[in-house]
Amino acid sequence: MGTVTSLFLRKMVAAAGPEVDQAGLLRSVGLAPDAETDPKTMIADTEYYRLLERIAAEIDVTDLPLRTGASMRLDDYGALGLAFKSATTLGGSFARVTRFARLWTSVVEYSLEPEGEDSWFHLHRAGPPRLGLRLSNEATLASATAIAREVSQTGSFSPLEVHIRHAAPSGTAQHEAYFGCPVVFGSDRDALLIARASLDSPNRLGDRGITRFLDSHLEQELSLLAETRPIADRTRDVIARALSEGLPRMEDVARRLGLSARSLHRRLAEDGLTFQLLTDDTRRELAEGLLRDEQYSIAEIAYLTGFSEQSAFNRAFKRWTGATPAGFRSGKPRS
């Protein structure tokens, strides 16, 4: 189970407006409605997604992620927001998001990857694409756009394109108006395509000295946080994010964790675990979640869980659960 900052949840509830029981929704996840927002207060990701789905059952949520994103301010993020704001360029700001995002969520990872002269700002989130997760992904991309506009000297930042993995809602005009560019649903990624000129543009309040100080402070927070999470949980997170690109190697996962393969093997063994066992468990959990969503074919689920062929996925799933993928989806008893 992962966590997200309660800041996101509070922003979503506020953006939903008076048509929902805002106080009741907050209390349902253990948050006091009148308390000050503390971004360090974390909420289980499943509770967050469930709350968003409760909102969706009461109101039209087509533009809820956009309203949430538009409401985000860097001051809401504390030291991390100040680090984003004080970076000398927008590219430096996004680089800090990719480095320090773990301070406000354990279920999302970001990367900034060049493509030609431009770059993709990728959002990587593992897990079955339930409605709550899909709404959260949209809100995250909308928030990244909003805070980029906040630091921009002109305040007019727009990505070149927005890509979203899940299917489009009934209308997309609101999304294209908000982002100011084409929005591609049903894509192979959740990402913003950002022009090089935008990334190179100076920030309105950029200050190199403040940036160095805050980077040091955030690095300390990150190192303390990494020490508190079980190595098995951190390993599962990295495996889950990598599966859609194929079966990850232990060496690559260890490098993402800042470890050698030998150190990762030793630390897992201390908990009675192996990398292969964690990989199988992660693939099984992801496969079961995806099979509960009729949006995905079994062939697509095989690909998303790291299998090159559906037949290999069928055999592995039968070994894990005693049921075929089709049988599991239909609810038929195991054979």
# chains A, B, ... in the order shown; residues from 1 in each chain; ligands from 1
call {"tool": "select_by_dssp", "arguments": {"residues": "segment 85-309 of chain A", "states": "strand (DSSP E or B)", "output": "PyMOL selection string"}}
result
chain A and resi 89+105+108-115+118-125+152+161-164+183-185+191-194+202-203
call {"tool": "write_last_selection", "arguments": {"atoms": "N, CA and C atoms", "output": "mmCIF file, in the first residue's frame"}}
result
data_model
loop_
_atom_site.group_PDB
_atom_site.id
_atom_site.type_symbol
_atom_site.label_atom_id
_atom_site.label_comp_id
_atom_site.auth_asym_id
_atom_site.auth_seq_id
_atom_site.Cartn_x
_atom_site.Cartn_y
_atom_site.Cartn_z
ATOM 1 N N THR A 89 15.602 28.094 -13.756
ATOM 2 C CA THR A 89 14.859 27.879 -14.995
ATOM 3 C C THR A 89 13.698 26.915 -14.739
ATOM 4 N N THR A 105 4.627 11.658 -2.128
ATOM 5 C CA THR A 105 3.897 10.470 -2.551
ATOM 6 C C THR A 105 4.860 9.300 -2.693
ATOM 7 N N VAL A 108 3.885 7.575 -6.980
ATOM 8 C CA VAL A 108 4.132 8.225 -8.265
ATOM 9 C C VAL A 108 5.619 8.535 -8.391
ATOM 10 N N GLU A 109 6.132 8.310 -9.572
ATOM 11 C CA GLU A 109 7.504 8.701 -9.885
ATOM 12 C C GLU A 109 7.475 9.521 -11.160
ATOM 13 N N TYR A 110 8.351 10.510 -11.257
ATOM 14 C CA TYR A 110 8.389 11.381 -12.426
ATOM 15 C C TYR A 110 9.748 11.256 -13.107
ATOM 16 N N SER A 111 9.749 11.498 -14.399
ATOM 17 C CA SER A 111 11.004 11.542 -15.135
ATOM 18 C C SER A 111 10.914 12.612 -16.206
ATOM 19 N N LEU A 112 12.040 13.190 -16.540
ATOM 20 C CA LEU A 112 12.145 14.206 -17.583
ATOM 21 C C LEU A 112 13.053 13.635 -18.657
ATOM 22 N N GLU A 113 12.472 13.312 -19.811
ATOM 23 C CA GLU A 113 13.201 12.567 -20.837
ATOM 24 C C GLU A 113 13.203 13.333 -22.158
ATOM 25 N N PRO A 114 14.386 13.645 -22.685
ATOM 26 C CA PRO A 114 14.465 14.389 -23.946
ATOM 27 C C PRO A 114 13.912 13.596 -25.120
ATOM 28 N N GLU A 115 13.303 14.315 -26.054
ATOM 29 C CA GLU A 115 12.908 13.754 -27.347
ATOM 30 C C GLU A 115 13.145 14.828 -28.389
ATOM 31 N N ASP A 118 12.857 18.776 -27.600
ATOM 32 C CA ASP A 118 11.882 18.953 -26.526
ATOM 33 C C ASP A 118 12.048 17.841 -25.486
ATOM 34 N N SER A 119 11.203 17.835 -24.461
ATOM 35 C CA SER A 119 11.315 16.818 -23.418
ATOM 36 C C SER A 119 9.929 16.394 -22.932
ATOM 37 N N TRP A 120 9.851 15.134 -22.549
ATOM 38 C CA TRP A 120 8.638 14.597 -21.931
ATOM 39 C C TRP A 120 8.776 14.653 -20.415
ATOM 40 N N PHE A 121 7.774 15.207 -19.753
ATOM 41 C CA PHE A 121 7.669 15.112 -18.303
ATOM 42 C C PHE A 121 6.691 13.982 -18.025
ATOM 43 N N HIS A 122 7.239 12.822 -17.648
ATOM 44 C CA HIS A 122 6.440 11.610 -17.489
ATOM 45 C C HIS A 122 5.958 11.445 -16.054
ATOM 46 N N LEU A 123 4.732 10.963 -15.935
ATOM 47 C CA LEU A 123 4.153 10.560 -14.660
ATOM 48 C C LEU A 123 4.063 9.034 -14.688
ATOM 49 N N HIS A 124 4.724 8.363 -13.742
ATOM 50 C CA HIS A 124 4.697 6.903 -13.674
ATOM 51 C C HIS A 124 3.951 6.504 -12.399
ATOM 52 N N ARG A 125 2.837 5.815 -12.562
ATOM 53 C CA ARG A 125 2.072 5.347 -11.403
ATOM 54 C C ARG A 125 1.601 3.919 -11.679
ATOM 55 N N SER A 152 6.561 31.037 -14.134
ATOM 56 C CA SER A 152 6.941 31.634 -15.408
ATOM 57 C C SER A 152 6.925 33.160 -15.336
ATOM 58 N N GLU A 161 2.018 19.252 -25.975
ATOM 59 C CA GLU A 161 0.980 18.220 -26.011
ATOM 60 C C GLU A 161 0.802 17.658 -24.606
ATOM 61 N N VAL A 162 -0.383 17.143 -24.338
ATOM 62 C CA VAL A 162 -0.646 16.394 -23.113
ATOM 63 C C VAL A 162 -1.094 15.002 -23.527
ATOM 64 N N HIS A 163 -0.486 13.981 -22.934
ATOM 65 C CA HIS A 163 -0.857 12.604 -23.232
ATOM 66 C C HIS A 163 -1.376 11.932 -21.971
ATOM 67 N N ILE A 164 -2.485 11.206 -22.107
ATOM 68 C CA ILE A 164 -3.137 10.543 -20.985
ATOM 69 C C ILE A 164 -3.483 9.127 -21.411
ATOM 70 N N VAL A 183 -4.760 17.486 -26.436
ATOM 71 C CA VAL A 183 -4.735 16.497 -25.360
ATOM 72 C C VAL A 183 -5.066 15.147 -25.986
ATOM 73 N N VAL A 184 -4.133 14.212 -25.887
ATOM 74 C CA VAL A 184 -4.261 12.898 -26.525
ATOM 75 C C VAL A 184 -4.632 11.868 -25.462
ATOM 76 N N PHE A 185 -5.879 11.390 -25.483
ATOM 77 C CA PHE A 185 -6.304 10.317 -24.586
ATOM 78 C C PHE A 185 -6.042 8.975 -25.251
ATOM 79 N N ALA A 191 1.819 12.116 -19.613
ATOM 80 C CA ALA A 191 2.973 12.996 -19.744
ATOM 81 C C ALA A 191 2.612 14.335 -20.373
ATOM 82 N N LEU A 192 3.491 15.299 -20.128
ATOM 83 C CA LEU A 192 3.460 16.592 -20.811
ATOM 84 C C LEU A 192 4.659 16.648 -21.739
ATOM 85 N N LEU A 193 4.456 17.065 -22.980
ATOM 86 C CA LEU A 193 5.568 17.336 -23.885
ATOM 87 C C LEU A 193 5.864 18.827 -23.785
ATOM 88 N N ILE A 194 7.092 19.148 -23.373
ATOM 89 C CA ILE A 194 7.453 20.536 -23.073
ATOM 90 C C ILE A 194 8.546 21.001 -24.031
ATOM 91 N N PRO A 202 13.947 31.509 -17.975
ATOM 92 C CA PRO A 202 14.230 31.816 -16.572
ATOM 93 C C PRO A 202 12.955 31.952 -15.755
ATOM 94 N N ASN A 203 13.025 31.509 -14.510
ATOM 95 C CA ASN A 203 11.892 31.651 -13.607
ATOM 96 C C ASN A 203 11.820 33.055 -13.044
#
call {"tool": "residues_around", "arguments": {"residues": "Ile43 of chain A", "least_positions_apart": "6", "cutoff": "10 Å", "atoms": "only C-alpha atoms", "output": "PyMOL selection string"}}
result
chain A and resi 2-9+29-31+105
call {"tool": "write_last_selection", "arguments": {"atoms": "C-alpha atoms", "output": "short mmCIF file (atom, residue, chain, number, x, y, z; two decimals), in the first residue's frame"}}
result
data_model
loop_
_atom_site.label_atom_id
_atom_site.label_comp_id
_atom_site.auth_asym_id
_atom_site.auth_seq_id
_atom_site.Cartn_x
_atom_site.Cartn_y
_atom_site.Cartn_z
CA GLY A 2 1.31 3.43 -0.94
CA THR A 3 0.61 6.91 0.36
CA VAL A 4 -0.07 10.39 -1.00
CA THR A 5 0.00 13.74 0.73
CA SER A 6 -3.30 14.84 2.24
CA LEU A 7 -2.75 18.16 0.42
CA PHE A 8 -3.92 16.54 -2.83
CA LEU A 9 -6.97 15.05 -1.19
CA VAL A 29 -10.16 9.41 5.83
CA GLY A 30 -9.29 10.70 9.31
CA LEU A 31 -8.72 14.37 8.46
CA THR A 105 3.90 10.47 -2.55
#
call {"tool": "closest_residue", "arguments": {"among": "A:Leu264, A:Ala15, A:Met42, A:Leu80", "to": "Ile59 of chain A", "atoms": "only C-alpha atoms"}}
result
A:Ala15
call {"tool": "residues_around", "arguments": {"residues": "Arg292 of chain A", "least_positions_apart": "2", "cutoff": "12 Å", "atoms": "only C-alpha atoms", "output": "list in words"}}
result
Gly127, Pro128, Pro129, Arg130, Glu285, Leu286, Ala287, Glu288, Gly289, Leu290, Glu294, Gln295, Tyr296, Ser297, Ile298, Ile301, Pro325, Ala326, Gly327, Phe328, Arg329, Ser330 and Gly331 of chain A
call {"tool": "atom_distance", "arguments": {"atom1": "atom CA of Gln22 of chain A", "atom2": "atom CA of Leu103 of chain A"}}
result
25.8 Å
call {"tool": "residues_around", "arguments": {"residues": "Pro159 of chain A", "least_positions_apart": "4", "cutoff": "9 Å", "atoms": "only C-alpha atoms", "output": "list in words"}}
result
Thr145, Phe179, Gly180, Cys181, Pro182, Leu192, Leu193, Ile194, Ala195 and Ser198 of chain A
call {"tool": "residues_around", "arguments": {"residues": "Leu26 of chain A", "least_positions_apart": "6", "cutoff": "8 Å", "atoms": "only C-alpha atoms", "output": "list of chain:residue names"}}
result
A:Arg10, A:Val13, A:Ala32, A:Pro33
call {"tool": "select_by_dssp", "arguments": {"residues": "segment 166-268 of chain A", "states": "alpha helix (DSSP H)", "output": "VMD selection string"}}
result
chain A and resid 173 to 179 196 to 200 208 to 228 231 to 242 250 to 256 261 to 268
call {"tool": "atom_distance", "arguments": {"atom1": "atom CA of Leu141 of chain A", "atom2": "atom CA of Ala167 of chain A"}}
result
15.6 Å
call {"tool": "closest_residue", "arguments": {"among": "A:Ser170, A:Ser308, A:Ser260, A:Thr321", "to": "Thr62 of chain A", "atoms": "only C-alpha atoms"}}
result
A:Ser170
call {"tool": "residues_around", "arguments": {"residues": "Val253 of chain A", "least_positions_apart": "4", "cutoff": "9 Å", "atoms": "only C-alpha atoms", "output": "NGL selection string"}}
result
:A and (235 or 238-239 or 242 or 248-249 or 257-259 or 261 or 264)
call {"tool": "closest_residue", "arguments": {"among": "A:Ala312, A:Ala168, A:Ala232, A:Thr324", "to": "Arg266 of chain A", "atoms": "only C-alpha atoms"}}
result
A:Ala232
call {"tool": "residues_around", "arguments": {"residues": "Asp63 of chain A", "least_positions_apart": "4", "cutoff": "12 Å", "atoms": "only C-alpha atoms", "output": "PyMOL selection string"}}
result
chain A and resi 12+15-16+56+59+67-70+135-136+138-139+142+168-178
call {"tool": "write_last_selection", "arguments": {"atoms": "C-alpha atoms", "output": "mmCIF file, in the first residue's frame"}}
result
data_model
loop_
_atom_site.group_PDB
_atom_site.id
_atom_site.type_symbol
_atom_site.label_atom_id
_atom_site.label_comp_id
_atom_site.auth_asym_id
_atom_site.auth_seq_id
_atom_site.Cartn_x
_atom_site.Cartn_y
_atom_site.Cartn_z
ATOM 1 C CA MET A 12 -9.770 17.605 -4.689
ATOM 2 C CA ALA A 15 -12.612 21.669 -5.948
ATOM 3 C CA ALA A 16 -15.648 19.376 -5.843
ATOM 4 C CA ALA A 56 -17.686 10.803 -8.908
ATOM 5 C CA ILE A 59 -21.230 14.888 -9.294
ATOM 6 C CA ARG A 67 -10.241 22.661 -11.220
ATOM 7 C CA THR A 68 -7.973 20.953 -8.718
ATOM 8 C CA GLY A 69 -4.867 21.637 -10.766
ATOM 9 C CA ALA A 70 -5.800 25.285 -11.212
ATOM 10 C CA LEU A 135 -8.704 11.225 -11.891
ATOM 11 C CA SER A 136 -5.575 11.596 -9.797
ATOM 12 C CA GLU A 138 -5.226 14.011 -14.684
ATOM 13 C CA ALA A 139 -5.079 16.281 -11.629
ATOM 14 C CA ALA A 142 -3.008 19.801 -14.436
ATOM 15 C CA ALA A 168 -11.295 10.233 -23.149
ATOM 16 C CA PRO A 169 -14.312 11.505 -21.224
ATOM 17 C CA SER A 170 -17.459 12.446 -23.139
ATOM 18 C CA GLY A 171 -15.924 15.803 -24.066
ATOM 19 C CA THR A 172 -12.333 17.050 -24.154
ATOM 20 C CA ALA A 173 -12.826 20.742 -24.946
ATOM 21 C CA GLN A 174 -12.332 21.713 -21.292
ATOM 22 C CA HIS A 175 -9.028 19.852 -21.163
ATOM 23 C CA GLU A 176 -7.681 21.478 -24.313
ATOM 24 C CA ALA A 177 -8.800 24.910 -23.114
ATOM 25 C CA TYR A 178 -7.065 24.403 -19.760
#
